[in-house]
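Report on one structure; see the data block that follows.
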Amino acid sequence: IAELRKLQDEVPAVSFEEIRGAIEESLGAPLDQIYKSFEEKPLATASIGQVHRAVLTTPEGDVDVVVKVQRPGAGDTVARDLSLLHTLAATLERTIPETKTYSPAALVQQFDVSVTAELNFLVEAENAERFAANFKGSPLIRFPKVYRQATAKRALTIEFFDGKKIDGALKAGFDGSVIAKNSVSVIVKMIFEDGFFHADPHPGNIFILGKPGDGTPVIGLIDVGMVGRLSPELREL
């Protein structure tokens with residue numbers, strides 16, 4: 001468990017110079033022309049993206065944001081790994097007919113579609129805006145605002161959530177039973193009402209916003225690049 005937890009946001013970091021180059025190439029402008037300030041030390045590091053805090057000037061004023069940048073070379077690495085998986089799955093089905101029961105080739109194809117979508121941060125931006133619309137006015141959950149003027153395929157700028165991870169929230173005094181109950185309500189709405197749900201809700205993607213005792217704890221959900229969809233027919237089964 002301890003080792004797997006590191007994959008949430010503690011993957012070895014990419015150098016700031018590489019991150020700067022990736023942002024400038026993706027957004028088409030020097031870093032200091034895009035952001036008022038930008039922290040060189042990453043806030044979090046994951047397998048596909050690295051996250052940095054920054055300040056963005058908007059018509060409403062300066063806002064605290066986080067910038068998710070695709071790790072240089074991530075696309076090529078994923079493409080190579082997917083190619084190997086496709087080959088392995090096809091080989092399994094050809095040489096061990098019993099494995100067809102589990103459809104390894106179809107499983108790899110579905111994984112391919114999901115991971116490829118995650119590599120396009122414009123897809124994640126659209127997902128975040130759809131989730132925000134679906135839960136507009138909800139006191140239980142928030143999704144970060146997307147700043148389109150500083151967002152492209154390999155760089156995503158979103159609202160900074162000043163919250164705590166679940167472990168930290170419980171230690172700070174938040175009521176775990178309330179958080180669990182509210183989480184179930186959110187999931188039920190996503191699946192049975194909207195048919196559009198977060199498909200990667202591990203603890204690294206969940207923040208608890210607010211302070212203990214200040215009313216209902218608000219769930220902040222991030223990293224919405226991987227989603228699932230259910231048709232009305234499937235929701236009725």
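Simple scheme: letters A, B, ... for chains in structure tokens order, numbers from 1 for residues in each chain, numbers from 1 for ligands in the order shown.
Neighbouring residues of Val63 of chain A at 12 Å or closer, counting only C-alpha atoms and skipping chain neighbours under 2 positions away, are A:Tyr35, A:Lys36, A:Ser37, A:Arg53, A:Ala54, A:Val55, A:Leu56, A:Thr57, A:Thr58, A:Pro59, A:Glu60, A:Gly61, A:Val65, A:Val66, A:Lys145, A:Val146, A:Tyr147, A:Thr157, A:Ile158, A:Glu159, A:Phe160, A:Phe161.
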Can you check which parts of segment 30-79 of chain A lie within 12 Å of segment 17-24 of chain A? Per residue, the shortest pair of atoms and distance in Å to one decimal, counting only C-alpha atoms, sorted by chain and number, as JSON lines.
{"residue": "A:Pro30", "atom": "CA", "partner": "A:Glu24", "partner_atom": "CA", "distance": 5.4}
{"residue": "A:Leu31", "atom": "CA", "partner": "A:Glu24", "partner_atom": "CA", "distance": 6.0}
{"residue": "A:Asp32", "atom": "CA", "partner": "A:Glu24", "partner_atom": "CA", "distance": 9.6}
{"residue": "A:Gln33", "atom": "CA", "partner": "A:Glu24", "partner_atom": "CA", "distance": 9.7}
{"residue": "A:Ile34", "atom": "CA", "partner": "A:Glu24", "partner_atom": "CA", "distance": 8.8}
{"residue": "A:Tyr35", "atom": "CA", "partner": "A:Ile23", "partner_atom": "CA", "distance": 10.9}
{"residue": "A:Phe38", "atom": "CA", "partner": "A:Arg20", "partner_atom": "CA", "distance": 9.8}
{"residue": "A:Glu39", "atom": "CA", "partner": "A:Arg20", "partner_atom": "CA", "distance": 10.8}
{"residue": "A:Glu40", "atom": "CA", "partner": "A:Glu17", "partner_atom": "CA", "distance": 8.9}
{"residue": "A:Lys41", "atom": "CA", "partner": "A:Ile19", "partner_atom": "CA", "distance": 10.5}
{"residue": "A:Pro42", "atom": "CA", "partner": "A:Ile19", "partner_atom": "CA", "distance": 9.7}
{"residue": "A:Thr45", "atom": "CA", "partner": "A:Ile19", "partner_atom": "CA", "distance": 11.7}
{"residue": "A:Gly49", "atom": "CA", "partner": "A:Ile19", "partner_atom": "CA", "distance": 10.0}
{"residue": "A:Gln50", "atom": "CA", "partner": "A:Ile19", "partner_atom": "CA", "distance": 8.2}
{"residue": "A:Val51", "atom": "CA", "partner": "A:Ile19", "partner_atom": "CA", "distance": 9.6}
{"residue": "A:His52", "atom": "CA", "partner": "A:Ile19", "partner_atom": "CA", "distance": 9.4}
{"residue": "A:Val67", "atom": "CA", "partner": "A:Ile23", "partner_atom": "CA", "distance": 9.1}
{"residue": "A:Lys68", "atom": "CA", "partner": "A:Ile23", "partner_atom": "CA", "distance": 9.3}
{"residue": "A:Val69", "atom": "CA", "partner": "A:Ile23", "partner_atom": "CA", "distance": 6.7}
{"residue": "A:Gln70", "atom": "CA", "partner": "A:Ala22", "partner_atom": "CA", "distance": 7.5}
{"residue": "A:Arg71", "atom": "CA", "partner": "A:Ile19", "partner_atom": "CA", "distance": 7.3}
{"residue": "A:Pro72", "atom": "CA", "partner": "A:Ala22", "partner_atom": "CA", "distance": 6.7}
{"residue": "A:Gly73", "atom": "CA", "partner": "A:Ala22", "partner_atom": "CA", "distance": 10.0}
{"residue": "A:Ala74", "atom": "CA", "partner": "A:Ala22", "partner_atom": "CA", "distance": 11.4}
query: Using only C-alpha atoms, which residues sit within 9 Å of segment 168-173 of chain A once same-chain residues fewer than 5 positions away are excluded, as number ranges by chain?
result: A: 163, 207-209, 211-213
Identify, with DSSP run on backbone atoms, the residues in segment 100-203 of chain A assigned to strand (DSSP E), and express the list as a PDB file with N, CA, C and O atoms, in the first residue's frame.
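Okay, part_31.pdb is ready:
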ATOM      1  N   ILE A 141     -19.925  18.940  -3.632  1.00  0.00           N
ATOM      2  CA  ILE A 141     -18.750  18.689  -4.465  1.00  0.00           C
ATOM      3  C   ILE A 141     -18.421  19.890  -5.331  1.00  0.00           C
ATOM      4  O   ILE A 141     -19.310  20.671  -5.719  1.00  0.00           O
ATOM      5  N   ARG A 142     -17.127  20.031  -5.632  1.00  0.00           N
ATOM      6  CA  ARG A 142     -16.672  21.074  -6.555  1.00  0.00           C
ATOM      7  C   ARG A 142     -15.651  20.481  -7.519  1.00  0.00           C
ATOM      8  O   ARG A 142     -14.882  19.578  -7.161  1.00  0.00           O
ATOM      9  N   ALA A 155      -0.928  21.108 -21.806  1.00  0.00           N
ATOM     10  CA  ALA A 155      -0.815  21.967 -20.628  1.00  0.00           C
ATOM     11  C   ALA A 155      -2.221  22.404 -20.214  1.00  0.00           C
ATOM     12  O   ALA A 155      -2.985  22.903 -21.037  1.00  0.00           O
ATOM     13  N   LEU A 156      -2.541  22.191 -18.947  1.00  0.00           N
ATOM     14  CA  LEU A 156      -3.883  22.478 -18.438  1.00  0.00           C
ATOM     15  C   LEU A 156      -3.766  23.383 -17.220  1.00  0.00           C
ATOM     16  O   LEU A 156      -3.057  23.063 -16.263  1.00  0.00           O
ATOM     17  N   THR A 157      -4.456  24.519 -17.249  1.00  0.00           N
ATOM     18  CA  THR A 157      -4.441  25.446 -16.126  1.00  0.00           C
ATOM     19  C   THR A 157      -5.811  25.470 -15.478  1.00  0.00           C
ATOM     20  O   THR A 157      -6.820  25.767 -16.127  1.00  0.00           O
ATOM     21  N   ILE A 158      -5.856  25.132 -14.185  1.00  0.00           N
ATOM     22  CA  ILE A 158      -7.125  25.055 -13.466  1.00  0.00           C
ATOM     23  C   ILE A 158      -7.011  25.742 -12.110  1.00  0.00           C
ATOM     24  O   ILE A 158      -5.919  26.034 -11.632  1.00  0.00           O
ATOM     25  N   GLU A 159      -8.159  25.970 -11.521  1.00  0.00           N
ATOM     26  CA  GLU A 159      -8.258  26.563 -10.195  1.00  0.00           C
ATOM     27  C   GLU A 159      -7.491  25.741  -9.160  1.00  0.00           C
ATOM     28  O   GLU A 159      -7.533  24.513  -9.176  1.00  0.00           O
ATOM     29  N   GLY A 163      -7.103  22.431  -0.114  1.00  0.00           N
ATOM     30  CA  GLY A 163      -7.781  21.448   0.724  1.00  0.00           C
ATOM     31  C   GLY A 163      -6.820  20.398   1.237  1.00  0.00           C
ATOM     32  O   GLY A 163      -5.604  20.509   1.073  1.00  0.00           O
ATOM     33  N   LYS A 164      -7.387  19.374   1.859  1.00  0.00           N
ATOM     34  CA  LYS A 164      -6.590  18.296   2.419  1.00  0.00           C
ATOM     35  C   LYS A 164      -6.952  16.979   1.759  1.00  0.00           C
ATOM     36  O   LYS A 164      -8.099  16.762   1.380  1.00  0.00           O
ATOM     37  N   PHE A 196     -22.438   9.840 -16.437  1.00  0.00           N
ATOM     38  CA  PHE A 196     -21.115  10.404 -16.756  1.00  0.00           C
ATOM     39  C   PHE A 196     -20.355  10.470 -15.441  1.00  0.00           C
ATOM     40  O   PHE A 196     -20.711  11.254 -14.554  1.00  0.00           O
ATOM     41  N   PHE A 197     -19.309   9.629 -15.293  1.00  0.00           N
ATOM     42  CA  PHE A 197     -18.690   9.523 -13.976  1.00  0.00           C
ATOM     43  C   PHE A 197     -17.167   9.547 -14.050  1.00  0.00           C
ATOM     44  O   PHE A 197     -16.559   9.187 -15.060  1.00  0.00           O
ATOM     45  N   HIS A 198     -16.569   9.994 -12.935  1.00  0.00           N
ATOM     46  CA  HIS A 198     -15.110  10.005 -12.766  1.00  0.00           C
ATOM     47  C   HIS A 198     -14.654   8.556 -12.688  1.00  0.00           C
ATOM     48  O   HIS A 198     -15.098   7.797 -11.827  1.00  0.00           O
TER      49      HIS A 198
END
